[in-house]
Each structure stands twice: as C-alpha cells, then as structure tokens.
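J.: Sharing a structure below in structure tokens format, with a few things to ask.
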Amino acid sequence: MIGRRFRAIGGWLADADGADRVVPRGLHAGLSVGFLSAMMAFLAVLALALALAAGRLAHSWESEIADTATLQILAGDDGIEEQARAALNVLRTTPGIQSVRMVELAEQERLLEPWLGPDIPVESLPLPLLIEVQTDRDMLNVPSLRLRLEAEAPGAVYDDHAAWRQPLVVTAERLRIFAIACLALMTLALAVVLGLAATAATAANGNAIQTLRLVGARDDFIVRAFTRRFTFGAAAGAVLGTAVGVLLLAFLPQASEQGFFLVGIGLTGWGWAAPVLVPVTAAVVAWAATRRATKASLWRWS
Amino acid sequence: MIEFDEAGFSYGGTSVLRNVSLTLAPGSFHFLIGPSGVGKTTLLRLCYMDLVPTEGAVRFFGTEIAPSDRNAVAALRRAVGVVHQDCQFLDHMSVFENIALPLRVSGIPAAERAGDIEALLEWVDLGDRVDALPPELSGGERQRAALARAVILSPDVIVADEPTGNVDWDMAQRLLALLVELNRMGKTVVIATHDLNLIRAAKGRVAARVLRLANGQVQPAGADL
C-alpha cells in the first residue's frame, strides 16, 4: 500500500505518462504563479523568522531573566550597612537563593550613564544599595522571603522584575501568535489565488481539455497535467523567494552583536533549516488547490 | 455496436433529433446526409457521448453508459475514433505528438509504438510532416492527421464529421479511400457530409448505407443518390 503510494508519487514527479506536455505553455500564467509564489515565500520566511525570534525572546524573558532579582536597601546612611548585613543574612539562609553579589558604585554609575550622562556625580545621589540575586525559581518561596526581609531588614525591597518582565513576555508571545497568524493567512491566500489561477487556466485551455477528452483522456489525467504544471511553477517560485528571504536574514545583524532584541530577528542554529518548509508547504498547497480547482472545473463542464 | 433506441435531443427547448432508432452494426459503412443545421453533428456527438440524449437511449456495445461515469465515457472514446470537423489539435505539439496523443492519455508510451505511428503517418502521406505544428498544415493535411489520430488506438468505430469539407476533390477522394480501407479492416465508419459527389464516388468501392436526416428523424436515402 505504502510502496504503491510512493511509486505513484515517484511517477507523478517524473511525469511518467507525459501529462505535463499536453498543457499549453502559457508564459504569462506560468510567470504569474511563479512570481506570486516567490513573493509569498519571501514574506513567509520573514514571518517564520519573526515567529522563531519572538519565541526565543519570550523564552529568554520567561526563564533567563526570571532567575535574577535585585534587592534594594533604601535605609538612610546611618543604618544602611546594618540593613545590608541583615538582608544578606536572610538571603544566605533562604532555600532557592543560589548566589548574591553587591553591585558596586562604579557599576551603578555605568548603568545610569546612558540616562544621566557621563559627568553626573553619582556619589552625591541618594542611590540605594543594590544586591544582585541569582535564584532557583522552583525552590524559592518569594512571599516567605519578603516576610522575612520585612521583619529583619525593613529597608530592603526585593524586586524579582515581574512588574516589567511579564508585559514583555506577553508582548513577545503575542508577537509570535501574530507571526504565526500571518503565516497561516499567507498559506490560505496562496491556496485561494492558486485555485483561482487554476480555474482561469482550465477555462483558458478549454479547447485543449476538449481535445484531450475527445481522444479518451480520463479526468484524472487532465487533473494530473494541470496540477503538475502549477505545482512545479509554484515550487520553483517559492524556492526563489525563500532563497532571497534567507539571504536577507543572513545579512541582518545578530542579537549578540548589538544586544538589542529587535535586531535579533535572524535565524539561529536549527532555525536555519525551518525555511526549507516554505517551498515544501507552497508545493503542497499548490498541489491541493490546483487539483481541487481543476476537478471542480472539469465537473462543471461535464 | 452503437444502437439508438428512440433517442432524441433538444438544445434548450428546441428539438433537433426525435425518435431516432438506428443500429450501427460492426463493419458497416454509413453516410449521413442532410442540409447544414439539420442535426448531423448532433447525431455524431451522441455516438461518442459528447452529448447525452434528452430522450430515449443510446447503447454502446450493448450497454448504456451513465454520463456521470467519466471513466467509462473516456473508455468509450478510445473505442470510437473521431475526426472532428475542425480537427481539434493541440497546437503546441507536433503532428507526431498529436497523433500519439490517444496513446499518451491511455498510458502507452509513444516510444513503444513509434513504428506504428510512423507507418500510420506514411499511410496518410504525412511522413515528411512529422515535426510540423498543426497550424503549419494545410486543410487536407490536417484532415489526414486527424484521421491518423482517430485510428491510432485501432478503435472499432470511426466517426467523421464533414471530413472533406475543407479540401479539394482529389484530397476528398484520398480521404475516402483511407476510410474505405479502414472499413475493409472491419471498422464501422460513419461519415456526416453534405457532399453527394463523395457518396457517388464511394459507390462500387464499399457497400455504404446512406441515411438522410430531415425534420429531426433519420430515414434511408432514396435511390437518386
């Protein structure tokens, strides 16, 4: 059964019965299908890259950033060291805290420089004392930690970045859904347009179809001929569009180069293999849409 | 072989054929005559199910084929060779490929039957036009190529609609000779024509039955032919 199906697909690809030859080569129609498919494939590659990048981004914000927190000691100058010692003591005895690190004044200065400029006397500002904390989310009980800090170091504020991290995760997730929706819509649009093109092509080749029927061609032979022509045209266009899209992505700066997520839309690792799916999908969609449209046209003419 | 049983056909509300009862027996030769527009082409199209009777029935080789059974209709058309009035070629394919078209749609590789096709091309005197495209052929050449295509699958019945309509008298005689030769091979031949000289020329060469189509009905033609 499977062997027979593979032989049938092989015969179709090799055009064993020469069905392809009977369809007149309409240069205009062929180019239109190829060009349309190339454009769709190009956009699909970009949408695919966006979906993958948004997924990476969401994962990054969800996991990597979520494992860090900051402790701010807001007490006045006289009690800040005492508060810091108490807070560090709480942190070191709390399960789920993997490491703690004091953020030096120079480091704070570097962090503030983009906003305040290079010549601001940071030491004169009432900056809180910062402690960077690495956590294990599975083990850490944040409400319990907050309660202990409130009791033993009231000037300490534990910030796990949830306030600004969560909207970013949601945004990245929505961006990914948007990109996937774009892919789905493009696939649907390709199917509809190719279906219309196939219907137009069968109408334009009415005489050829009539001749084929006159000499005893079965409908599946005629359907095969038109389907093959359109599928190969769409696949060729999609390969071209995909290649251009991948080239464009290859020349985009990578996220690591700039440290800013918007330039990290390019593909990474196994993600480079994903665009292979675009021409394959285009060919399958073209095959299904053309087959359906040609069958419907032949049925109407019967 | 092909049997019309009180068959009739109407285009919309206009009746073209009524109560036609006719048997096209194996190996018989028929001329179908009548003025233009009387329904000769309609009757021929019923012979290969390009049309379906709106009343009565047409049986092929003893069975009635449902028009919805597209595979059976396709199989019928392989058993009935048609020489269409305007030949109906695929203009982007060569004469050789057009003649081999019934083989191609039947899944028979043309290469396997290349010898037969070449012999057939010689038989219709188109041996030197193998690679020509249909638009490059003269009227007579087109008719002969259409005849070659109609017989490539060795059908039991050959239906020709005005095969000599666009050719000179010498070419008409040549085409007639080819059709008579096919009939001698046992093929049933049905020719629709309004050329009475062609029928007269056939007398003495073949035992042809002449049918006149008038007022939507088929009648045997008189002895004046």
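Chain identifiers are assigned as A, B, and so on, following the order in which chains appear in the structure tokens; residues are numbered from 1 within each chain, and ligands are numbered from 1 in order of appearance.
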Give me the residues near B:Leu90 as an mmCIF file with all heavy atoms, in the first residue's frame, where near means some atom within 8 Å (using only C-alpha atoms) and where sequence neighbours in that chain fewer than 2 positions away do not count.
T.:
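New file result-v6.cif:
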```cif
data_model
loop_
_atom_site.group_PDB
_atom_site.id
_atom_site.type_symbol
_atom_site.label_atom_id
_atom_site.label_comp_id
_atom_site.auth_asym_id
_atom_site.auth_seq_id
_atom_site.Cartn_x
_atom_site.Cartn_y
_atom_site.Cartn_z
ATOM 1 N N VAL A 22 0.973 18.024 -22.327
ATOM 2 C CA VAL A 22 -0.277 18.336 -23.025
ATOM 3 C C VAL A 22 -0.842 19.704 -22.644
ATOM 4 O O VAL A 22 -1.735 20.216 -23.317
ATOM 5 C CB VAL A 22 -1.373 17.255 -22.792
ATOM 6 C CG1 VAL A 22 -0.866 15.898 -23.210
ATOM 7 C CG2 VAL A 22 -1.845 17.237 -21.352
ATOM 8 N N PRO A 24 -0.746 23.509 -22.709
ATOM 9 C CA PRO A 24 -0.022 24.553 -23.442
ATOM 10 C C PRO A 24 0.765 25.429 -22.484
ATOM 11 O O PRO A 24 0.301 25.739 -21.386
ATOM 12 C CB PRO A 24 -1.138 25.355 -24.116
ATOM 13 C CG PRO A 24 -2.295 24.434 -24.157
ATOM 14 C CD PRO A 24 -2.185 23.562 -22.964
ATOM 15 N N ALA A 208 -8.071 22.768 -25.341
ATOM 16 C CA ALA A 208 -7.117 21.675 -25.104
ATOM 17 C C ALA A 208 -7.791 20.562 -24.298
ATOM 18 O O ALA A 208 -7.628 19.374 -24.608
ATOM 19 C CB ALA A 208 -5.892 22.193 -24.361
ATOM 20 N N THR A 211 -10.124 18.642 -26.471
ATOM 21 C CA THR A 211 -9.378 17.728 -27.353
ATOM 22 C C THR A 211 -8.930 16.487 -26.587
ATOM 23 O O THR A 211 -9.046 15.367 -27.085
ATOM 24 C CB THR A 211 -8.142 18.460 -27.937
ATOM 25 O OG1 THR A 211 -8.604 19.583 -28.665
ATOM 26 C CG2 THR A 211 -7.332 17.556 -28.836
ATOM 27 N N GLN B 88 -9.393 19.748 -34.184
ATOM 28 C CA GLN B 88 -9.073 19.831 -32.752
ATOM 29 C C GLN B 88 -7.712 19.222 -32.402
ATOM 30 O O GLN B 88 -7.626 18.135 -31.834
ATOM 31 C CB GLN B 88 -10.164 19.164 -31.929
ATOM 32 C CG GLN B 88 -11.454 19.953 -31.924
ATOM 33 C CD GLN B 88 -12.322 19.630 -30.714
ATOM 34 O OE1 GLN B 88 -12.236 18.560 -30.144
ATOM 35 N NE2 GLN B 88 -13.168 20.555 -30.357
ATOM 36 N N HIS B 92 0.419 23.331 -29.713
ATOM 37 C CA HIS B 92 1.806 23.445 -29.260
ATOM 38 C C HIS B 92 2.567 22.132 -29.403
ATOM 39 O O HIS B 92 3.748 22.067 -29.103
ATOM 40 C CB HIS B 92 1.851 23.910 -27.802
ATOM 41 C CG HIS B 92 1.269 22.918 -26.841
ATOM 42 N ND1 HIS B 92 -0.078 22.663 -26.760
ATOM 43 C CD2 HIS B 92 1.850 22.092 -25.939
ATOM 44 C CE1 HIS B 92 -0.297 21.750 -25.838
ATOM 45 N NE2 HIS B 92 0.861 21.379 -25.329
ATOM 46 N N MET B 93 1.860 21.098 -29.866
ATOM 47 C CA MET B 93 2.520 19.799 -30.031
ATOM 48 C C MET B 93 2.652 19.465 -31.512
ATOM 49 O O MET B 93 1.812 19.868 -32.327
ATOM 50 C CB MET B 93 1.710 18.707 -29.309
ATOM 51 C CG MET B 93 1.749 18.856 -27.793
ATOM 52 S SD MET B 93 0.559 17.821 -26.932
ATOM 53 C CE MET B 93 1.259 16.216 -27.156
ATOM 54 N N ASN B 98 0.669 14.835 -31.676
ATOM 55 C CA ASN B 98 -0.792 14.875 -31.719
ATOM 56 C C ASN B 98 -1.366 13.512 -32.101
ATOM 57 O O ASN B 98 -2.380 13.079 -31.557
ATOM 58 C CB ASN B 98 -1.267 15.943 -32.704
ATOM 59 C CG ASN B 98 -1.527 17.274 -32.020
ATOM 60 O OD1 ASN B 98 -2.499 17.424 -31.287
ATOM 61 N ND2 ASN B 98 -0.634 18.219 -32.216
ATOM 62 N N PRO B 134 0.523 21.805 -35.951
ATOM 63 C CA PRO B 134 -0.774 21.814 -36.649
ATOM 64 C C PRO B 134 -1.077 23.097 -37.432
ATOM 65 O O PRO B 134 -1.570 23.016 -38.557
ATOM 66 C CB PRO B 134 -1.773 21.574 -35.529
ATOM 67 C CG PRO B 134 -1.018 20.752 -34.550
ATOM 68 C CD PRO B 134 0.384 21.267 -34.593
#
```
J.: What residues in chain B lie within 6 Å of chain A, counting only C-alpha atoms, written as a PyMOL selection string?
T.: chain B and resi 71+74+77-78+88+102+105+107
J.: With N, CA, C and O atoms kept, could you save the residues just selected as a compact mmCIF listing (two decimals), in the first residue's frame?
T.:
```
# COMPACT_ATOMS: atom_id res chain seq x y z
N ASN B 71 -15.02 7.73 -16.29
CA ASN B 71 -14.02 6.77 -16.78
C ASN B 71 -14.58 5.90 -17.89
O ASN B 71 -13.88 5.58 -18.85
N ALA B 74 -14.63 7.98 -20.98
CA ALA B 74 -13.28 8.07 -21.55
C ALA B 74 -12.94 6.77 -22.29
O ALA B 74 -12.36 6.79 -23.39
N ARG B 77 -14.56 6.63 -25.63
CA ARG B 77 -13.95 7.50 -26.64
C ARG B 77 -12.65 6.90 -27.19
O ARG B 77 -12.17 7.33 -28.23
N ARG B 78 -12.11 5.95 -26.46
CA ARG B 78 -10.93 5.25 -27.01
C ARG B 78 -11.37 4.18 -28.00
O ARG B 78 -10.58 3.72 -28.81
N GLN B 88 -9.39 19.75 -34.18
CA GLN B 88 -9.07 19.83 -32.75
C GLN B 88 -7.71 19.22 -32.40
O GLN B 88 -7.63 18.14 -31.83
N PRO B 102 -3.68 9.94 -28.26
CA PRO B 102 -4.53 8.90 -27.64
C PRO B 102 -3.71 7.83 -26.91
O PRO B 102 -4.17 7.28 -25.91
N VAL B 105 -2.62 9.49 -23.49
CA VAL B 105 -3.68 9.55 -22.46
C VAL B 105 -4.10 8.15 -22.01
O VAL B 105 -4.74 8.00 -20.98
N GLY B 107 -1.86 5.90 -21.38
CA GLY B 107 -0.74 5.39 -20.59
C GLY B 107 0.20 4.51 -21.38
O GLY B 107 1.00 3.77 -20.81
```
J.: Write out as a CSV table (one decimal) with all heavy atoms, in the first residue's frame each polymer residue whose atoms come within 10 Å of B:Pro135, counting only C-alpha atoms; drop sequence neighbours fewer than 6 positions from it.
T.:
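The resulting file, part-v3.csv, is shown below:
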```csv
chain,number,residue,atom,x,y,z
B,89,PHE,N,-6.7,20.0,-32.7
B,89,PHE,CA,-5.3,19.5,-32.3
B,89,PHE,C,-4.8,20.4,-31.2
B,89,PHE,O,-5.4,21.4,-30.9
B,89,PHE,CB,-4.3,19.7,-33.5
B,89,PHE,CG,-4.6,18.8,-34.7
B,89,PHE,CD1,-5.0,19.3,-35.9
B,89,PHE,CD2,-4.4,17.4,-34.5
B,89,PHE,CE1,-5.2,18.4,-37.0
B,89,PHE,CE2,-4.7,16.6,-35.6
B,89,PHE,CZ,-5.1,17.1,-36.8
B,90,LEU,N,-3.8,19.9,-30.5
B,90,LEU,CA,-3.1,20.7,-29.5
B,90,LEU,C,-2.0,21.4,-30.3
B,90,LEU,O,-1.0,20.8,-30.8
B,90,LEU,CB,-2.5,19.9,-28.4
B,90,LEU,CG,-3.6,19.1,-27.5
B,90,LEU,CD1,-2.9,18.3,-26.5
B,90,LEU,CD2,-4.5,20.1,-26.9
B,91,ASP,N,-2.2,22.7,-30.5
B,91,ASP,CA,-1.3,23.4,-31.5
B,91,ASP,C,0.1,23.6,-31.0
B,91,ASP,O,1.0,23.9,-31.8
B,91,ASP,CB,-1.9,24.8,-31.7
B,91,ASP,CG,-3.1,24.8,-32.6
B,91,ASP,OD1,-3.4,23.7,-33.2
B,91,ASP,OD2,-3.9,25.8,-32.6
B,92,HIS,N,0.4,23.3,-29.7
B,92,HIS,CA,1.8,23.4,-29.3
B,92,HIS,C,2.6,22.1,-29.4
B,92,HIS,O,3.7,22.1,-29.1
B,92,HIS,CB,1.9,23.9,-27.8
B,92,HIS,CG,1.3,22.9,-26.8
B,92,HIS,ND1,-0.1,22.7,-26.8
B,92,HIS,CD2,1.9,22.1,-25.9
B,92,HIS,CE1,-0.3,21.7,-25.8
B,92,HIS,NE2,0.9,21.4,-25.3
B,94,SER,N,3.7,18.7,-31.8
B,94,SER,CA,4.0,18.4,-33.3
B,94,SER,C,2.9,17.4,-33.8
B,94,SER,O,2.1,16.9,-33.0
B,94,SER,CB,5.3,17.7,-33.4
B,94,SER,OG,5.3,16.5,-32.8
B,95,VAL,N,2.9,17.2,-35.1
B,95,VAL,CA,2.0,16.3,-35.7
B,95,VAL,C,2.2,14.9,-35.1
B,95,VAL,O,1.2,14.2,-34.8
B,95,VAL,CB,2.2,16.2,-37.2
B,95,VAL,CG1,1.5,15.1,-37.9
B,95,VAL,CG2,1.8,17.6,-37.9
B,142,ARG,N,-4.3,18.5,-42.4
B,142,ARG,CA,-5.0,18.4,-41.0
B,142,ARG,C,-6.0,17.3,-41.0
B,142,ARG,O,-6.1,16.6,-40.0
B,142,ARG,CB,-5.7,19.8,-40.8
B,142,ARG,CG,-4.7,20.9,-40.4
B,142,ARG,CD,-5.5,22.3,-40.3
B,142,ARG,NE,-6.3,22.3,-39.2
B,142,ARG,CZ,-5.9,22.6,-37.9
B,142,ARG,NH1,-4.6,22.9,-37.8
B,142,ARG,NH2,-6.7,22.7,-36.9
```
J.: What's around B:Ala160 at 6 Å? Count only C-alpha atoms, leave out sequence neighbours fewer than 3 positions away in its own chain, and write the answer as a PDB file with all heavy atoms, in the first residue's frame.
T.:
```pdb
ATOM      1  N   VAL B  82     -12.644   9.680 -33.549  1.00  0.00           N
ATOM      2  CA  VAL B  82     -13.418  10.814 -34.069  1.00  0.00           C
ATOM      3  C   VAL B  82     -12.546  11.701 -34.947  1.00  0.00           C
ATOM      4  O   VAL B  82     -11.448  12.098 -34.539  1.00  0.00           O
ATOM      5  CB  VAL B  82     -13.998  11.653 -32.898  1.00  0.00           C
ATOM      6  CG1 VAL B  82     -14.816  12.825 -33.434  1.00  0.00           C
ATOM      7  CG2 VAL B  82     -14.837  10.786 -31.980  1.00  0.00           C
ATOM      8  N   VAL B  83     -13.040  11.986 -36.140  1.00  0.00           N
ATOM      9  CA  VAL B  83     -12.400  13.001 -36.986  1.00  0.00           C
ATOM     10  C   VAL B  83     -13.316  14.217 -36.917  1.00  0.00           C
ATOM     11  O   VAL B  83     -14.388  14.238 -37.525  1.00  0.00           O
ATOM     12  CB  VAL B  83     -12.231  12.525 -38.443  1.00  0.00           C
ATOM     13  CG1 VAL B  83     -11.539  13.594 -39.273  1.00  0.00           C
ATOM     14  CG2 VAL B  83     -11.452  11.224 -38.491  1.00  0.00           C
ATOM     15  N   PRO B 163     -15.468  15.297 -43.152  1.00  0.00           N
ATOM     16  CA  PRO B 163     -14.002  15.176 -43.265  1.00  0.00           C
ATOM     17  C   PRO B 163     -13.462  15.792 -44.552  1.00  0.00           C
ATOM     18  O   PRO B 163     -12.270  16.084 -44.630  1.00  0.00           O
ATOM     19  CB  PRO B 163     -13.774  13.656 -43.248  1.00  0.00           C
ATOM     20  CG  PRO B 163     -15.052  13.070 -43.749  1.00  0.00           C
ATOM     21  CD  PRO B 163     -16.132  13.982 -43.284  1.00  0.00           C
ATOM     22  N   ILE B 191     -19.891   8.651 -41.670  1.00  0.00           N
ATOM     23  CA  ILE B 191     -19.412   9.931 -42.195  1.00  0.00           C
ATOM     24  C   ILE B 191     -20.606  10.863 -42.367  1.00  0.00           C
ATOM     25  O   ILE B 191     -21.579  10.515 -43.050  1.00  0.00           O
ATOM     26  CB  ILE B 191     -18.731   9.749 -43.568  1.00  0.00           C
ATOM     27  CG1 ILE B 191     -17.573   8.751 -43.475  1.00  0.00           C
ATOM     28  CG2 ILE B 191     -18.239  11.078 -44.121  1.00  0.00           C
ATOM     29  CD1 ILE B 191     -17.002   8.358 -44.832  1.00  0.00           C
TER      30      ILE B 191
END
```
J.: Please list as a PDB file with all heavy atoms, in the first residue's frame every residue within 8 Å of B:Leu176, counting only C-alpha atoms and excluding residues in the same chain fewer than 4 positions away.
T.:
```pdb
ATOM      1  N   ALA B 172     -10.298  14.852 -51.189  1.00  0.00           N
ATOM      2  CA  ALA B 172     -11.510  14.205 -50.686  1.00  0.00           C
ATOM      3  C   ALA B 172     -11.510  12.727 -51.090  1.00  0.00           C
ATOM      4  O   ALA B 172     -11.857  11.850 -50.280  1.00  0.00           O
ATOM      5  CB  ALA B 172     -12.747  14.905 -51.242  1.00  0.00           C
ATOM      6  N   VAL B 180     -12.446   3.889 -46.573  1.00  0.00           N
ATOM      7  CA  VAL B 180     -12.901   2.615 -47.142  1.00  0.00           C
ATOM      8  C   VAL B 180     -11.932   1.503 -46.722  1.00  0.00           C
ATOM      9  O   VAL B 180     -12.351   0.390 -46.368  1.00  0.00           O
ATOM     10  CB  VAL B 180     -13.007   2.728 -48.675  1.00  0.00           C
ATOM     11  CG1 VAL B 180     -13.191   1.345 -49.317  1.00  0.00           C
ATOM     12  CG2 VAL B 180     -14.176   3.641 -49.068  1.00  0.00           C
ATOM     13  N   LEU B 198     -19.254  12.788 -53.081  1.00  0.00           N
ATOM     14  CA  LEU B 198     -18.421  11.869 -52.294  1.00  0.00           C
ATOM     15  C   LEU B 198     -19.120  10.517 -52.167  1.00  0.00           C
ATOM     16  O   LEU B 198     -18.492   9.457 -52.284  1.00  0.00           O
ATOM     17  CB  LEU B 198     -18.161  12.476 -50.904  1.00  0.00           C
ATOM     18  CG  LEU B 198     -17.122  11.748 -50.057  1.00  0.00           C
ATOM     19  CD1 LEU B 198     -15.713  12.001 -50.574  1.00  0.00           C
ATOM     20  CD2 LEU B 198     -17.210  12.209 -48.608  1.00  0.00           C
ATOM     21  N   ALA B 202     -18.144   6.796 -53.678  1.00  0.00           N
ATOM     22  CA  ALA B 202     -17.961   5.610 -52.822  1.00  0.00           C
ATOM     23  C   ALA B 202     -18.663   4.379 -53.388  1.00  0.00           C
ATOM     24  O   ALA B 202     -18.309   3.249 -53.056  1.00  0.00           O
ATOM     25  CB  ALA B 202     -18.493   5.903 -51.432  1.00  0.00           C
TER      26      ALA B 202
END
```
J.: Quick one: residues within 6 Å of stretch 57-68 of chain A, only C-alpha atoms, excluding same-chain residues fewer than 3 positions away - as a short mmCIF file (atom, residue, chain, number, x, y, z; two decimals) with N, CA, C and O atoms, in the first residue's frame?
T.:
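Result file selection-v9.cif:
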```
data_model
loop_
_atom_site.label_atom_id
_atom_site.label_comp_id
_atom_site.auth_asym_id
_atom_site.auth_seq_id
_atom_site.Cartn_x
_atom_site.Cartn_y
_atom_site.Cartn_z
N ALA A 54 10.52 35.69 18.14
CA ALA A 54 9.61 36.05 19.24
C ALA A 54 9.55 34.92 20.26
O ALA A 54 9.50 35.15 21.47
N VAL A 133 20.76 39.14 42.92
CA VAL A 133 20.50 37.81 43.48
C VAL A 133 20.19 36.83 42.35
O VAL A 133 19.38 37.10 41.47
N GLN A 134 20.89 35.68 42.35
CA GLN A 134 20.58 34.59 41.41
C GLN A 134 19.71 33.59 42.16
O GLN A 134 20.08 33.15 43.26
N THR A 135 18.58 33.24 41.54
CA THR A 135 17.63 32.37 42.26
C THR A 135 17.35 31.08 41.50
O THR A 135 17.61 30.99 40.30
N VAL A 169 7.00 39.52 28.28
CA VAL A 169 6.75 38.13 27.90
C VAL A 169 5.44 38.03 27.12
O VAL A 169 5.36 37.38 26.07
N ALA A 172 5.95 39.45 23.64
CA ALA A 172 6.68 38.51 22.78
C ALA A 172 5.79 37.37 22.34
O ALA A 172 5.80 36.95 21.18
#
```
J.: Among the residues of stretch 65-101 of chain A, find those DSSP assigns to strand (DSSP E or B) from the backbone and print them as a VMD selection string.
T.: chain A and resid 68 to 73 97 to 101
J.: Give the helix (DSSP H, G or I) residues of stretch 19-245 of chain A, as DSSP finds them on the backbone, and put them as a PyMOL selection string.
T.: chain A and resi 19-22+27-67+80-92+105-116+122-124+142-152+162-204+206-214+219-245
J.: Fewer than 2 positions away in the same chain doesn't count, so skip those; otherwise give me all residues within 8 Å of B:Leu44, counting only C-alpha atoms, as a PyMOL selection string.
T.: chain B and resi 40-42+46-48+159+161+192
